[in-house]
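Just below is one structure, and these are the notes that go with it.
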Amino acid sequence: MMGIIQQESAWNPQALSPSGAMGLAQLMPDTASDMGVSDPYDPEQSIRGGMKYISFLLDYFNGDLETAIMAYHAGPTNMRTRGATQLDRYYAERVLSYYDDYRAKASMGQLSHVGIGSDACATGHLYEYA
């Protein structure tokens with residue numbers, strides 16, 4: 001999710017795309033509603049909604065991470081009907097690159113836990129630069 005947020009909003013909780021996607025996770029209004037997000041500009045709600053959405057997409061695409069990430073960007077219907085475009089592939093490549101960077105920094109102790117809620121938080125740990 002951190003790679004998606006980096007690509008989608010560059011960690012700006014007030015981000016608004018020209019297409020209407022909002023908040024850290026850049027959820028479209030209908031998607032935000034479907035994921036139980038009432039305020040997409042609230043960082044916790046946005047992250048929780050984005051986590052629910054990427055989890056849904058991973059289930060929908062049978063665990064295919066790259067396709068799920070492309071569908072986060074383009075929509076699951078587009079992925080099923082037209083397949084991946086060059087832009088979709090580039091988007092997934094960027095997200096996965098950010099993910100690898102965050103994972104490497106975490107393994108070297110260069111990220112610190114900031115979390116939301118408790119350690120039992122359903123979205124798991126969130127990190128920021130130490």
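Letters A, B, ... go to the chains of the structure tokens in the order shown; residues in each chain start at 1; ligands are counted from 1 in the same order.
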
Picked from region 1-128 of chain A by DSSP as strand (DSSP E or B), as a list of chain:residue names: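 The strand (DSSP E or B) subset of region 1-128 of chain A is A:Leu16, A:Met22, A:Leu27, A:Leu111, A:Ser112, A:His113, A:Tyr127, A:Glu128.
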
Generate the output file for the selected residues, N, CA and C atoms, as a PDB file, in the first residue's frame.
ATOM      1  N   LEU A  16      -6.130  15.692  -4.839  1.00  0.00           N
ATOM      2  CA  LEU A  16      -7.339  15.526  -5.646  1.00  0.00           C
ATOM      3  C   LEU A  16      -6.898  15.456  -7.102  1.00  0.00           C
ATOM      4  N   MET A  22      -9.442  10.955  -4.592  1.00  0.00           N
ATOM      5  CA  MET A  22      -9.186  11.807  -3.440  1.00  0.00           C
ATOM      6  C   MET A  22      -8.320  11.133  -2.387  1.00  0.00           C
ATOM      7  N   LEU A  27      -8.806   7.371  -3.837  1.00  0.00           N
ATOM      8  CA  LEU A  27     -10.004   6.588  -4.110  1.00  0.00           C
ATOM      9  C   LEU A  27     -11.022   7.436  -4.851  1.00  0.00           C
ATOM     10  N   LEU A 111      13.246   2.827   8.569  1.00  0.00           N
ATOM     11  CA  LEU A 111      11.855   3.262   8.715  1.00  0.00           C
ATOM     12  C   LEU A 111      11.434   2.987  10.143  1.00  0.00           C
ATOM     13  N   SER A 112      10.603   3.854  10.675  1.00  0.00           N
ATOM     14  CA  SER A 112      10.111   3.607  12.028  1.00  0.00           C
ATOM     15  C   SER A 112       8.599   3.457  12.000  1.00  0.00           C
ATOM     16  N   HIS A 113       8.090   2.637  12.894  1.00  0.00           N
ATOM     17  CA  HIS A 113       6.659   2.382  12.986  1.00  0.00           C
ATOM     18  C   HIS A 113       5.950   3.624  13.499  1.00  0.00           C
ATOM     19  N   TYR A 127       4.530   3.075   8.056  1.00  0.00           N
ATOM     20  CA  TYR A 127       5.880   3.548   8.334  1.00  0.00           C
ATOM     21  C   TYR A 127       6.094   4.930   7.740  1.00  0.00           C
ATOM     22  N   GLU A 128       7.072   5.610   8.277  1.00  0.00           N
ATOM     23  CA  GLU A 128       7.548   6.850   7.679  1.00  0.00           C
ATOM     24  C   GLU A 128       9.051   6.882   7.893  1.00  0.00           C
TER      25      GLU A 128
END

Using only C-alpha atoms, which residues sit within 10 Å of Gln6 (chain A) once same-chain residues fewer than 3 positions away are excluded, as a list in words?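 Non-adjacent residues within range: Met1, Met2, Gly3, Ser9, Ala10, Trp11, Asn12, Leu24, Ala25, Arg94, Val95, Tyr98 and Tyr99 of chain A.
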
Residue subset to file, keeping N, CA, C and O atoms, as an mmCIF file, in the first residue's frame:
data_model
loop_
_atom_site.group_PDB
_atom_site.id
_atom_site.type_symbol
_atom_site.label_atom_id
_atom_site.label_comp_id
_atom_site.auth_asym_id
_atom_site.auth_seq_id
_atom_site.Cartn_x
_atom_site.Cartn_y
_atom_site.Cartn_z
ATOM 1 N N MET A 1 0.819 -1.197 0.000
ATOM 2 C CA MET A 1 0.000 0.000 0.000
ATOM 3 C C MET A 1 0.861 1.259 0.000
ATOM 4 O O MET A 1 0.481 2.257 -0.597
ATOM 5 N N MET A 2 2.022 1.176 0.635
ATOM 6 C CA MET A 2 2.883 2.357 0.686
ATOM 7 C C MET A 2 3.340 2.774 -0.705
ATOM 8 O O MET A 2 3.419 3.964 -1.008
ATOM 9 N N GLY A 3 3.633 1.802 -1.559
ATOM 10 C CA GLY A 3 4.026 2.109 -2.928
ATOM 11 C C GLY A 3 2.893 2.748 -3.713
ATOM 12 O O GLY A 3 3.114 3.667 -4.507
ATOM 13 N N SER A 9 -0.450 9.771 -4.530
ATOM 14 C CA SER A 9 -0.625 11.082 -3.903
ATOM 15 C C SER A 9 0.658 11.694 -3.362
ATOM 16 O O SER A 9 0.610 12.811 -2.838
ATOM 17 N N ALA A 10 1.773 10.973 -3.452
ATOM 18 C CA ALA A 10 3.040 11.425 -2.854
ATOM 19 C C ALA A 10 2.822 11.800 -1.386
ATOM 20 O O ALA A 10 3.403 12.752 -0.891
ATOM 21 N N TRP A 11 1.978 11.042 -0.703
ATOM 22 C CA TRP A 11 1.692 11.208 0.736
ATOM 23 C C TRP A 11 1.008 12.532 1.066
ATOM 24 O O TRP A 11 1.096 13.029 2.171
ATOM 25 N N ASN A 12 0.284 13.102 0.106
ATOM 26 C CA ASN A 12 -0.478 14.325 0.342
ATOM 27 C C ASN A 12 -1.926 13.932 0.655
ATOM 28 O O ASN A 12 -2.658 13.526 -0.252
ATOM 29 N N LEU A 24 -4.968 10.241 0.303
ATOM 30 C CA LEU A 24 -3.712 9.500 0.204
ATOM 31 C C LEU A 24 -3.793 8.351 -0.784
ATOM 32 O O LEU A 24 -2.910 8.156 -1.609
ATOM 33 N N ALA A 25 -4.859 7.558 -0.675
ATOM 34 C CA ALA A 25 -4.996 6.368 -1.514
ATOM 35 C C ALA A 25 -5.669 6.660 -2.851
ATOM 36 O O ALA A 25 -5.838 5.754 -3.661
ATOM 37 N N ARG A 94 6.282 1.333 -11.344
ATOM 38 C CA ARG A 94 6.609 2.402 -10.381
ATOM 39 C C ARG A 94 6.186 2.004 -8.965
ATOM 40 O O ARG A 94 6.955 2.171 -8.023
ATOM 41 N N VAL A 95 4.965 1.510 -8.827
ATOM 42 C CA VAL A 95 4.467 1.106 -7.504
ATOM 43 C C VAL A 95 5.356 0.015 -6.910
ATOM 44 O O VAL A 95 5.743 0.087 -5.738
ATOM 45 N N TYR A 98 8.655 1.463 -5.727
ATOM 46 C CA TYR A 98 8.503 2.131 -4.429
ATOM 47 C C TYR A 98 8.392 1.103 -3.309
ATOM 48 O O TYR A 98 8.983 1.248 -2.244
ATOM 49 N N TYR A 99 7.620 0.049 -3.557
ATOM 50 C CA TYR A 99 7.451 -1.013 -2.566
ATOM 51 C C TYR A 99 8.804 -1.635 -2.211
ATOM 52 O O TYR A 99 9.129 -1.812 -1.035
#

Give me, please, the distance in Å between CA of Ile69 (chain A) and CA of Leu57 (chain A), quoted to one decimal.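 Rounded to one decimal, the two atoms are 7.9 Å apart.
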
Using only C-alpha atoms, which protein or nucleic acid residues come within 10 Å of Ala74 (chain A)? Drop anything in the same chain fewer than 4 positions from it, and give the result as a list of chain:residue names. A:Ala68, A:Ile69, A:Met70, A:Asn78, A:Met79, A:Gly83, A:Ala84, A:Thr85, A:Leu87, A:Asp88, A:Tyr91

Have a look at CA of Lys105 (chain A) and CA of Ala92 (chain A) and let me know their distance in Å, one decimal.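 Spanning CA of Lys105 (chain A) to CA of Ala92 (chain A) is a straight-line distance of 19.9 Å.
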